[in-house]
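J.: I'd like to ask some things about the structure below.
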Amino acid sequence: MTEMLLEIRDLCKHYPLGGPGLLRRRAVPVVRAVDRVSFDIAEGETLSLVGESGCGKTTLGKTIMRAHPATSGEMRYRRADGSIVDLGRLDGAALKAAHREIRMIFQDPNGSLNPRLSVRDIVGEPLRVRRIAQGAALEKRVAELLEKVGLRPEYLHRYPHAFSGGERQRIGIARALALDPRLVVADEAVSALDVSIQAQTLNLLSDLKSEFGLTFLFIAHDLSVVRHISDRVAVMYVGRMVELAKTEALFTRPRHPYTEALMSSVPIPDPRLRRARKRIRLAGEVASPINSPSGCAFHPRCPYATEICVRDVPQLRPTGGGLAACHHAETLELAGVSHIAEGAE
Amino acid sequence: MRQIPMREPDTLLEVRDLATHFFTDEGVVRAVDGASFDIPRGKTLCIVGESGSGKSVMARAVMGLTRAPGRVVGGSVLWCPDQDGQATDLATLHGNSRAYRAIRGPEIGMIFQEPMAALSPVHTIGTQLAESVRSRHAVSKRETRERGIEALARVGIPEPAARYDQYGFELSGGMRQRAMIAMALAAEPKLLIADEPTTALDVTTQAGILDLILDLQSETGMTVMFITHDLGVVAEIADSVAVMYLGRVVEHADVDTAFHAPAHPYTEALLRALPSIHAKTGERLAAIPGMVPHPFARPAGCAFHPRCHRFRPGLCETREPENVPVAPGHGARCLLLKPARKAAAE
Amino acid sequence: MSRARTDPATAEQAAASAALGAPVAPTRVHVAGQWRLMWWKFRKHRLALWSGVLVLLIYVVALFAPFVAPKDPNDYASAYLYAPPMPVEVSLRGPQGEFGLFFKSYELTATTDPLTLEKTYVINRDALVPLGFFAPTEPYSMLGLPMNRVLFGPVNYEQPFYLLGADRLGRDVYSRVIHGTRVSMTVGLVGVLISLVLGIVLGGISGYFGGFVDDAVQRTIEFLKSIPTIPLWMGLAAAIPTVWSPIAVYFMVTVILSLVGWTGLAREVRGRFMALKSEDFVTAARLDGCSEMRIVLRHMVPSFASHIIATLTLAIPTMILAETALSFLGIGLRPPVVSWGVLLQEAQNIRTIATAPWLFAPGVAVVVSVLALNFLGDGLRDAADPYA
Ligand SMILES: Nc1ncnc2c1ncn2[C@@H]1O[C@H](COP(=O)(O)OP(=O)(O)O)[C@@H](O)[C@H]1O
Ligand SMILES: Nc1ncnc2c1ncn2[C@@H]1O[C@H](COP(=O)(O)OP(=O)(O)O)[C@@H](O)[C@H]1O
Ligand code: SF4
Ligand SMILES: [Mg+2]
Ligand SMILES: [Mg+2]
């Protein structure tokens, strides 16, 4: 059995609304963007994180990256030398060392590349500030990295504006690979790309994964993409994790009503399935993370909600091989996507 | 105003060889370069293509909203034939003319990807809805309000009376898009043009909007031109499909044919490159090689040839493909295809 | 089924060849850095481009003022009180009939109306004033260099030459406007530099650290902004002791002008810092392991340097106008300092407007330079973000 690389326990990230001011000194309401999330990532696996926008996926990714401090919780990371550190408590040199092993690919290839720096300076920055390579050695290394992600090494001196969206995302991937990372947090790395480029990028990511033995925390909202790339899938709703299971299991038999609803909303590129599909249409809107509903946050939209759902907060607990946070997880017979395919044959 | 006979009497809109070019400092961008398709009354046509293929520019040309430095430089937009089958050519009208304004809004409604850009920040939803209602019916103030609230209710907005007096920015993304649809539909248009209305939305919200458009269509019998880059959405709502690549419609077919027996290699490749929700983990995707070329560097011959898996050297890069009618109601621009009758004869 | 996958091997080959793509010849746009892109964008803005050339020219004139001006600004001549501009004639034949480009003018003689005592000047066709480039003058020093020629003036330096007429002491208005360029154009520049330092330091601190520091700086700015500008300037300027040397007064005036000017700049810098701080590329730089100093200097400052330059250019004309206004009111710079505002003080009464309109020449200089700076600033602002 492979070893755990990252163990997240009860992680919270709350944003105060407005923030303390010079003259204001009262309790401020908070946005519970990530609320008591726990999960593990094993070495070499790809764990996907899905959910509607605003459910806290990016916040979770950035908290793990320490782009901002966590409100509470533990993030135990096993370093390359086997020692275990809590990412939340690292600072200074230790944090910098950890960031050598954990890298991030950003969602927006336009916003995450500084338009004023050339590709060499963008991809080479981590190498330069860590004094790993300089001058000609740096250029050689960056050229290698560009080749690795399928860009021509001659593009070294170009600026981001000279590239298309898909190529820019490759530059972002090259930057993430520059330090030979072990864990890559990919935040919607393919969401902004067109179908043909998305396919190329997904293939590239899985090639790089097998070549370097990378571990991925893959944040996405497109379930079809997730099905292709992940070993396990975690579903989030309003800052909380509602289901976590192996990909196959999740797609054939989801345990949480929200997962079922998400799957049944995915448009499937086969017109013959249009009438054959059973659909669940969610009423209402995603709850607000500022004052989420009592009990199960999903209850106002859930077609299976009962009294207990309004009253008690369901805990994430083992259900059918995975984990689900629903009071009725064991008894509900929820539909995945496999039956749709069968219906089409 | 030019009157031209329409080929099929039950066609509401027929676009023939439409061309819109942008005359920029760096050169001419042939954003739409000879696009042709038609939409029968009461049906939904999906225009699908990767970003930059000219979908939005084409839609704006149909609406008479082409903005400088762009100009419609050729082709015709035949709109709504009368009893004798004579249609108006909108391409010959000035975008700001009275005749166009009488069509845009009351006859052709439009919704956009970014409802915030179309919703006024200083007018309430109600004020904007009222304008739409009055463009079609001369009714009293009270009745305008009633009809407006009814329109909001019909698109599934909860508490429509309260929403009527709110501003666009006070609503969530999905509700805004619903309000936009209510506005477009309050004028009871014959044609609704929807330019990527669900692209910025979550799948759950998108599913609701798509259902809404389908319901409204079966209720009112309106015609829909739906622009998207998502083939999944196409399969959900289209009756027929037009696939665009570099400013041209490369394939035009009914939805089942387009998905199950596409004629053009580009359509085939697009379908294969889609990740499938039924896939096995780790399954490789059949990516389309290369990228959409820069509009200044349009490849010679068939514009798709550098990426095409059926590329035939000596043929594809030398001749521009014409539209080949491979079956009734099914055409594609590929040099390897043979017209239906000839193929049958051989 | 049409959605069947292609053979994995061919797909892989296709993807690999696709990814590398055909080699595309690098165009100059692909490898152009931000300043080059900005220049290309700015270049398209004709008005701004020519305004830029004009502004440059004005500063060159300011730098070489003693050389450009034909006369010493303080030379006076009692025979030429309020003398009108002298005509300049151009001919292609010299005195000896040789070919070439020759300039000449004529001396003026005054006649006094016995009734009104009004002086009228007539051109004396007999007293020729030959003019020429690089005309010799009395020795003077410019920027520490000993000089004895001026750009354009009478060949015999003893002769009078009033291109834009004379003032009430018979001093050459043209030479005085040229010399005034030095003070008037640099007041704005020095004032803006002081504002820049204050604005960047305080705005940067405010935007980068946020929280309490930000609050404190912002409240200070709001306080300064709430004081009406003109009375504040007037009050401070009036407090400058009259016994101070002209240099000290000049310096105090620039400090007073920049006191208000820095707040706008600080807000601009703070706004940019705030916006950039949450940009993904700044987060990326932090994760790359950059120190705070490097994040600011390498990743943030270049993103707004161009905006700052544009803002500065637009701040200079305000300061020029403020200096002119203060000096005009007699509470800014005072004679013997020569500035456009001081010169305009001479044109303060109705009589002058009627009898010696050429005393408004410094006013024209103010309008031209302020307009040129504004057009230049607008062009720079438009070009400041070449990625838009
Ligand atoms: N800096 C912030 N301050 C306050 N609230 C924030 C901030 N960043 C994100 N949020 C809120 O946190 C929630 C989760 O956001 P995010 O993590 O971006 O979601 P996702 O990536 O799943 O779309 C949202 O409700 C968002 O409004
Ligand atoms: N205002 C404009 N100036 C120059 N080119 C434009 C302009 N608007 C659109 N284009 C070009 O037209 C092409 C098609 O754009 P568009 O119709 O928006 O594509 P999409 O299919 O994504 O909607 C693109 O190559 C784009 O660069
Ligand atoms: S014409 Fe040739 S290159 Fe073009 S799509 Fe058809 S087969 Fe491919
Ligand atoms: Mg996100
Ligand atoms: Mg578009």
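Just so we're on the same page: first chain in the structure tokens is A, next is B, and so on; residues restart at 1 for each chain, and ligands are numbered from 1 in the order they show up.
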Residues within 10 Å of ligand 3 (only C-alpha atoms and all ligand atoms), as a ChimeraX atom specification?
T.: /B:250,263-268,301-322,332-337
J.: Could you tell me, counting only C-alpha atoms and all ligand atoms, which protein and nucleic acid residues lie no more than 6 Å from ligand 1, written as a list in words?
T.: Tyr15, Val31, Ala33, Ser53, Gly54, Cys55, Gly56, Lys57, Thr58, Thr59 and Pro289 of chain A
J.: Write the residues you've just listed into a file as a PDB file, in the first residue's frame, and include N, CA, C and O atoms for each of them.
T.:
ATOM      1  N   TYR A  15     -13.228  33.680   6.172  1.00  0.00           N
ATOM      2  CA  TYR A  15     -12.866  35.059   5.848  1.00  0.00           C
ATOM      3  C   TYR A  15     -13.747  35.986   6.678  1.00  0.00           C
ATOM      4  O   TYR A  15     -14.969  35.882   6.598  1.00  0.00           O
ATOM      5  N   VAL A  31     -17.233  34.427   6.414  1.00  0.00           N
ATOM      6  CA  VAL A  31     -17.562  33.545   5.299  1.00  0.00           C
ATOM      7  C   VAL A  31     -16.874  32.216   5.606  1.00  0.00           C
ATOM      8  O   VAL A  31     -15.650  32.167   5.659  1.00  0.00           O
ATOM      9  N   ALA A  33     -15.656  29.681   4.109  1.00  0.00           N
ATOM     10  CA  ALA A  33     -15.332  29.226   2.757  1.00  0.00           C
ATOM     11  C   ALA A  33     -14.909  27.756   2.766  1.00  0.00           C
ATOM     12  O   ALA A  33     -15.253  27.004   1.864  1.00  0.00           O
ATOM     13  N   SER A  53     -19.414  26.488  -8.267  1.00  0.00           N
ATOM     14  CA  SER A  53     -18.518  27.597  -7.972  1.00  0.00           C
ATOM     15  C   SER A  53     -18.937  28.237  -6.646  1.00  0.00           C
ATOM     16  O   SER A  53     -20.113  28.323  -6.331  1.00  0.00           O
ATOM     17  N   GLY A  54     -17.948  28.662  -5.891  1.00  0.00           N
ATOM     18  CA  GLY A  54     -18.212  29.268  -4.601  1.00  0.00           C
ATOM     19  C   GLY A  54     -18.273  28.267  -3.468  1.00  0.00           C
ATOM     20  O   GLY A  54     -18.510  28.645  -2.328  1.00  0.00           O
ATOM     21  N   CYS A  55     -18.045  26.975  -3.752  1.00  0.00           N
ATOM     22  CA  CYS A  55     -18.148  26.001  -2.675  1.00  0.00           C
ATOM     23  C   CYS A  55     -16.827  25.862  -1.919  1.00  0.00           C
ATOM     24  O   CYS A  55     -16.746  25.093  -0.968  1.00  0.00           O
ATOM     25  N   GLY A  56     -15.800  26.591  -2.314  1.00  0.00           N
ATOM     26  CA  GLY A  56     -14.576  26.620  -1.521  1.00  0.00           C
ATOM     27  C   GLY A  56     -13.414  25.820  -2.061  1.00  0.00           C
ATOM     28  O   GLY A  56     -12.433  25.606  -1.351  1.00  0.00           O
ATOM     29  N   LYS A  57     -13.475  25.406  -3.319  1.00  0.00           N
ATOM     30  CA  LYS A  57     -12.406  24.589  -3.876  1.00  0.00           C
ATOM     31  C   LYS A  57     -11.100  25.364  -3.955  1.00  0.00           C
ATOM     32  O   LYS A  57     -10.053  24.883  -3.501  1.00  0.00           O
ATOM     33  N   THR A  58     -11.153  26.561  -4.535  1.00  0.00           N
ATOM     34  CA  THR A  58      -9.935  27.358  -4.668  1.00  0.00           C
ATOM     35  C   THR A  58      -9.386  27.721  -3.296  1.00  0.00           C
ATOM     36  O   THR A  58      -8.177  27.640  -3.057  1.00  0.00           O
ATOM     37  N   THR A  59     -10.274  28.091  -2.391  1.00  0.00           N
ATOM     38  CA  THR A  59      -9.833  28.454  -1.048  1.00  0.00           C
ATOM     39  C   THR A  59      -9.103  27.284  -0.402  1.00  0.00           C
ATOM     40  O   THR A  59      -8.041  27.465   0.199  1.00  0.00           O
ATOM     41  N   PRO A 289     -22.232  30.782   2.142  1.00  0.00           N
ATOM     42  CA  PRO A 289     -21.314  30.323   3.191  1.00  0.00           C
ATOM     43  C   PRO A 289     -21.297  31.268   4.389  1.00  0.00           C
ATOM     44  O   PRO A 289     -20.599  31.018   5.359  1.00  0.00           O
TER      45      PRO A 289
END
J.: Residues at most 9 Å from ligand 2, using only C-alpha atoms and all ligand atoms? Could they come as a ChimeraX atom specification?
T.: /B:20-24,28-32,48-60,66-70,195-196,227-229,244-247,294-296
J.: Take the residues from that selection and write them out as a compact mmCIF listing (two decimals), in the first residue's frame, keeping N, CA and C atoms.
T.:
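The result, stored in selection.txt:
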# COMPACT_ATOMS: atom_id res chain seq x y z
N THR B 20 -18.12 38.95 -42.32
CA THR B 20 -17.85 40.13 -41.50
C THR B 20 -16.35 40.21 -41.29
N HIS B 21 -15.74 41.30 -41.70
CA HIS B 21 -14.30 41.46 -41.53
C HIS B 21 -14.01 42.62 -40.59
N PHE B 22 -12.91 42.49 -39.87
CA PHE B 22 -12.47 43.57 -38.98
C PHE B 22 -11.24 44.22 -39.60
N PHE B 23 -11.33 45.52 -39.82
CA PHE B 23 -10.22 46.22 -40.45
C PHE B 23 -9.39 46.87 -39.37
N THR B 24 -8.42 46.12 -38.83
CA THR B 24 -7.61 46.61 -37.72
C THR B 24 -6.31 47.18 -38.26
N VAL B 28 -6.46 42.75 -41.81
CA VAL B 28 -7.88 42.42 -41.87
C VAL B 28 -8.12 41.07 -41.19
N VAL B 29 -9.00 41.05 -40.19
CA VAL B 29 -9.38 39.80 -39.54
C VAL B 29 -10.67 39.32 -40.20
N ARG B 30 -10.59 38.18 -40.88
CA ARG B 30 -11.79 37.65 -41.53
C ARG B 30 -12.54 36.81 -40.51
N ALA B 31 -13.22 37.48 -39.58
CA ALA B 31 -13.83 36.79 -38.44
C ALA B 31 -14.93 35.85 -38.92
N VAL B 32 -15.79 36.33 -39.83
CA VAL B 32 -16.78 35.47 -40.46
C VAL B 32 -16.54 35.61 -41.95
N VAL B 48 -21.96 25.73 -33.11
CA VAL B 48 -20.94 25.26 -32.19
C VAL B 48 -19.57 25.45 -32.82
N GLY B 49 -18.59 25.76 -32.01
CA GLY B 49 -17.23 25.96 -32.52
C GLY B 49 -16.33 26.43 -31.39
N GLU B 50 -15.03 26.28 -31.58
CA GLU B 50 -14.09 26.69 -30.55
C GLU B 50 -14.05 28.21 -30.47
N SER B 51 -13.47 28.74 -29.38
CA SER B 51 -13.48 30.19 -29.23
C SER B 51 -12.68 30.83 -30.37
N GLY B 52 -13.16 31.95 -30.85
CA GLY B 52 -12.51 32.63 -31.96
C GLY B 52 -12.97 32.14 -33.31
N SER B 53 -13.93 31.21 -33.36
CA SER B 53 -14.35 30.71 -34.67
C SER B 53 -15.36 31.65 -35.33
N GLY B 54 -15.77 32.70 -34.64
CA GLY B 54 -16.61 33.71 -35.27
C GLY B 54 -18.09 33.60 -34.94
N LYS B 55 -18.42 32.84 -33.89
CA LYS B 55 -19.83 32.64 -33.55
C LYS B 55 -20.49 33.95 -33.11
N SER B 56 -19.84 34.65 -32.19
CA SER B 56 -20.45 35.88 -31.69
C SER B 56 -20.52 36.95 -32.77
N VAL B 57 -19.46 37.05 -33.54
CA VAL B 57 -19.43 38.06 -34.61
C VAL B 57 -20.57 37.79 -35.59
N MET B 58 -20.80 36.51 -35.88
CA MET B 58 -21.87 36.14 -36.79
C MET B 58 -23.23 36.54 -36.20
N ALA B 59 -23.43 36.23 -34.91
CA ALA B 59 -24.70 36.55 -34.27
C ALA B 59 -24.94 38.05 -34.28
N ARG B 60 -23.91 38.81 -34.03
CA ARG B 60 -24.07 40.26 -34.01
C ARG B 60 -24.38 40.78 -35.41
N THR B 66 -22.97 44.86 -35.67
CA THR B 66 -21.54 44.78 -35.91
C THR B 66 -20.88 46.11 -35.53
N ARG B 67 -19.82 46.01 -34.74
CA ARG B 67 -19.18 47.22 -34.24
C ARG B 67 -17.89 47.50 -35.00
N ALA B 68 -17.55 48.79 -35.18
CA ALA B 68 -16.29 49.16 -35.80
C ALA B 68 -15.16 48.58 -34.97
N PRO B 69 -14.03 48.18 -35.57
CA PRO B 69 -13.69 48.28 -36.99
C PRO B 69 -14.28 47.16 -37.85
N GLY B 70 -15.32 46.52 -37.38
CA GLY B 70 -15.90 45.43 -38.17
C GLY B 70 -16.93 45.94 -39.16
N ASP B 195 -26.36 33.73 -27.12
CA ASP B 195 -24.91 33.59 -27.33
C ASP B 195 -24.26 33.09 -26.03
N GLU B 196 -23.96 31.82 -25.98
CA GLU B 196 -23.33 31.18 -24.82
C GLU B 196 -24.01 31.61 -23.52
N ILE B 227 -25.93 29.56 -29.43
CA ILE B 227 -24.50 29.51 -29.69
C ILE B 227 -23.80 28.92 -28.48
N THR B 228 -22.92 27.97 -28.69
CA THR B 228 -22.20 27.36 -27.56
C THR B 228 -20.92 26.73 -28.07
N HIS B 229 -20.00 26.45 -27.13
CA HIS B 229 -18.82 25.69 -27.55
C HIS B 229 -18.90 24.29 -26.95
N MET B 244 -18.83 25.57 -36.73
CA MET B 244 -18.01 26.64 -37.33
C MET B 244 -16.53 26.41 -37.08
N TYR B 245 -15.73 26.74 -38.07
CA TYR B 245 -14.28 26.72 -37.91
C TYR B 245 -13.70 27.87 -38.72
N LEU B 246 -12.96 28.73 -38.07
CA LEU B 246 -12.34 29.90 -38.72
C LEU B 246 -13.32 30.69 -39.61
N GLY B 247 -14.46 31.01 -39.07
CA GLY B 247 -15.38 31.91 -39.78
C GLY B 247 -16.28 31.26 -40.80
N HIS B 294 -4.03 31.51 -36.02
CA HIS B 294 -4.31 32.93 -35.86
C HIS B 294 -5.09 33.41 -37.08
N PRO B 295 -6.09 34.28 -36.88
CA PRO B 295 -6.91 34.69 -38.03
C PRO B 295 -6.10 35.36 -39.15
N PHE B 296 -4.94 35.90 -38.84
CA PHE B 296 -4.12 36.49 -39.90
C PHE B 296 -3.43 35.41 -40.74
J.: Find the residues near ligand 4. Use a cut-off of 12 Å, count only C-alpha atoms and all ligand atoms, and write them as JSON, numbers by chain.
T.: {"A": [33, 49, 50, 51, 52, 53, 54, 55, 56, 57, 58, 59, 60, 61, 62, 106, 107, 108, 186, 187, 188, 189, 191, 192, 218, 219, 220, 221], "B": [202], "C": [280]}
J.: Set the cut-off to 8 Å and count only C-alpha atoms: what are the residues of chain B that reach chain A? Output as number ranges by chain.
T.: B: 50-51, 202-204, 206-208, 229, 231-236, 255-256, 259, 270, 273-289, 291
J.: Skipping near chain neighbours, those fewer than 4 positions away, what residues fall within 9 Å of range 95-105 of chain A using only C-alpha atoms, listed as a VMD selection string?
T.: (chain A and resid 61 to 62 65 to 66 77 79 to 80 87 89 to 91 109 112 126 130 169 172 to 173 175 to 177 179 to 189) or (chain C and resid 284 287 to 289)
J.: With DSSP run on the backbone, what are the strand (DSSP E) residues within range 61-259 of chain A? I'd like them as a PyMOL selection string.
T.: chain A and resi 72-78+84-86+102-105+183-187+215-219+232-237+240-246
J.: Can you pull out every residue from range 135-340 of chain B that DSSP, working from the backbone, puts in helix (DSSP H, G or I), and format the result as number ranges by chain?
T.: B: 135-136, 141-154, 160-164, 168-170, 173-186, 203-220, 231-237, 255-260, 265-273, 295-297, 305-307, 340
J.: When distances are computed from only C-alpha atoms, which of B:His123, B:His330, B:Arg2, B:Arg272 shows the smallest separation from Val243 in chain B?
T.: B:His330
J.: Please list as a ChimeraX atom specification every residue within 8 Å of Tyr76 in chain C, counting only C-alpha atoms and excluding residues in the same chain fewer than 6 positions away.
T.: /C:169-172
J.: Mind dumping the selected residues with all heavy atoms as a CSV table (one decimal), in the first residue's frame?
T.:
chain,number,residue,atom,x,y,z
C,169,LEU,N,10.7,98.5,-18.2
C,169,LEU,CA,12.1,99.0,-18.0
C,169,LEU,C,12.9,98.8,-19.3
C,169,LEU,O,14.1,99.0,-19.3
C,169,LEU,CB,12.8,98.2,-16.9
C,169,LEU,CG,12.2,98.4,-15.5
C,169,LEU,CD1,12.9,97.6,-14.5
C,169,LEU,CD2,12.3,99.9,-15.1
C,170,GLY,N,12.2,98.5,-20.4
C,170,GLY,CA,12.9,98.3,-21.6
C,170,GLY,C,13.7,97.0,-21.7
C,170,GLY,O,14.7,96.8,-22.4
C,171,ARG,N,13.3,96.0,-20.9
C,171,ARG,CA,13.9,94.7,-20.9
C,171,ARG,C,13.3,93.8,-22.0
C,171,ARG,O,12.1,94.0,-22.3
C,171,ARG,CB,13.8,94.0,-19.6
C,171,ARG,CG,14.6,94.7,-18.5
C,171,ARG,CD,14.4,94.0,-17.1
C,171,ARG,NE,13.0,94.2,-16.7
C,171,ARG,CZ,12.6,94.1,-15.4
C,171,ARG,NH1,13.5,93.8,-14.5
C,171,ARG,NH2,11.4,94.3,-15.1
C,172,ASP,N,14.1,92.9,-22.6
C,172,ASP,CA,13.6,92.1,-23.7
C,172,ASP,C,12.6,91.0,-23.2
C,172,ASP,O,13.1,90.1,-22.5
C,172,ASP,CB,14.8,91.5,-24.4
C,172,ASP,CG,14.4,90.6,-25.6
C,172,ASP,OD1,13.2,90.7,-26.0
C,172,ASP,OD2,15.2,89.7,-26.0
J.: What's the 12 Å shell around Ser278 in chain C, counting only C-alpha atoms, without same-chain residues fewer than 5 positions away, as a PyMOL selection string?
T.: (chain A and resi 67-68+111-112) or (chain C and resi 207-208+271-273+283-286+300)
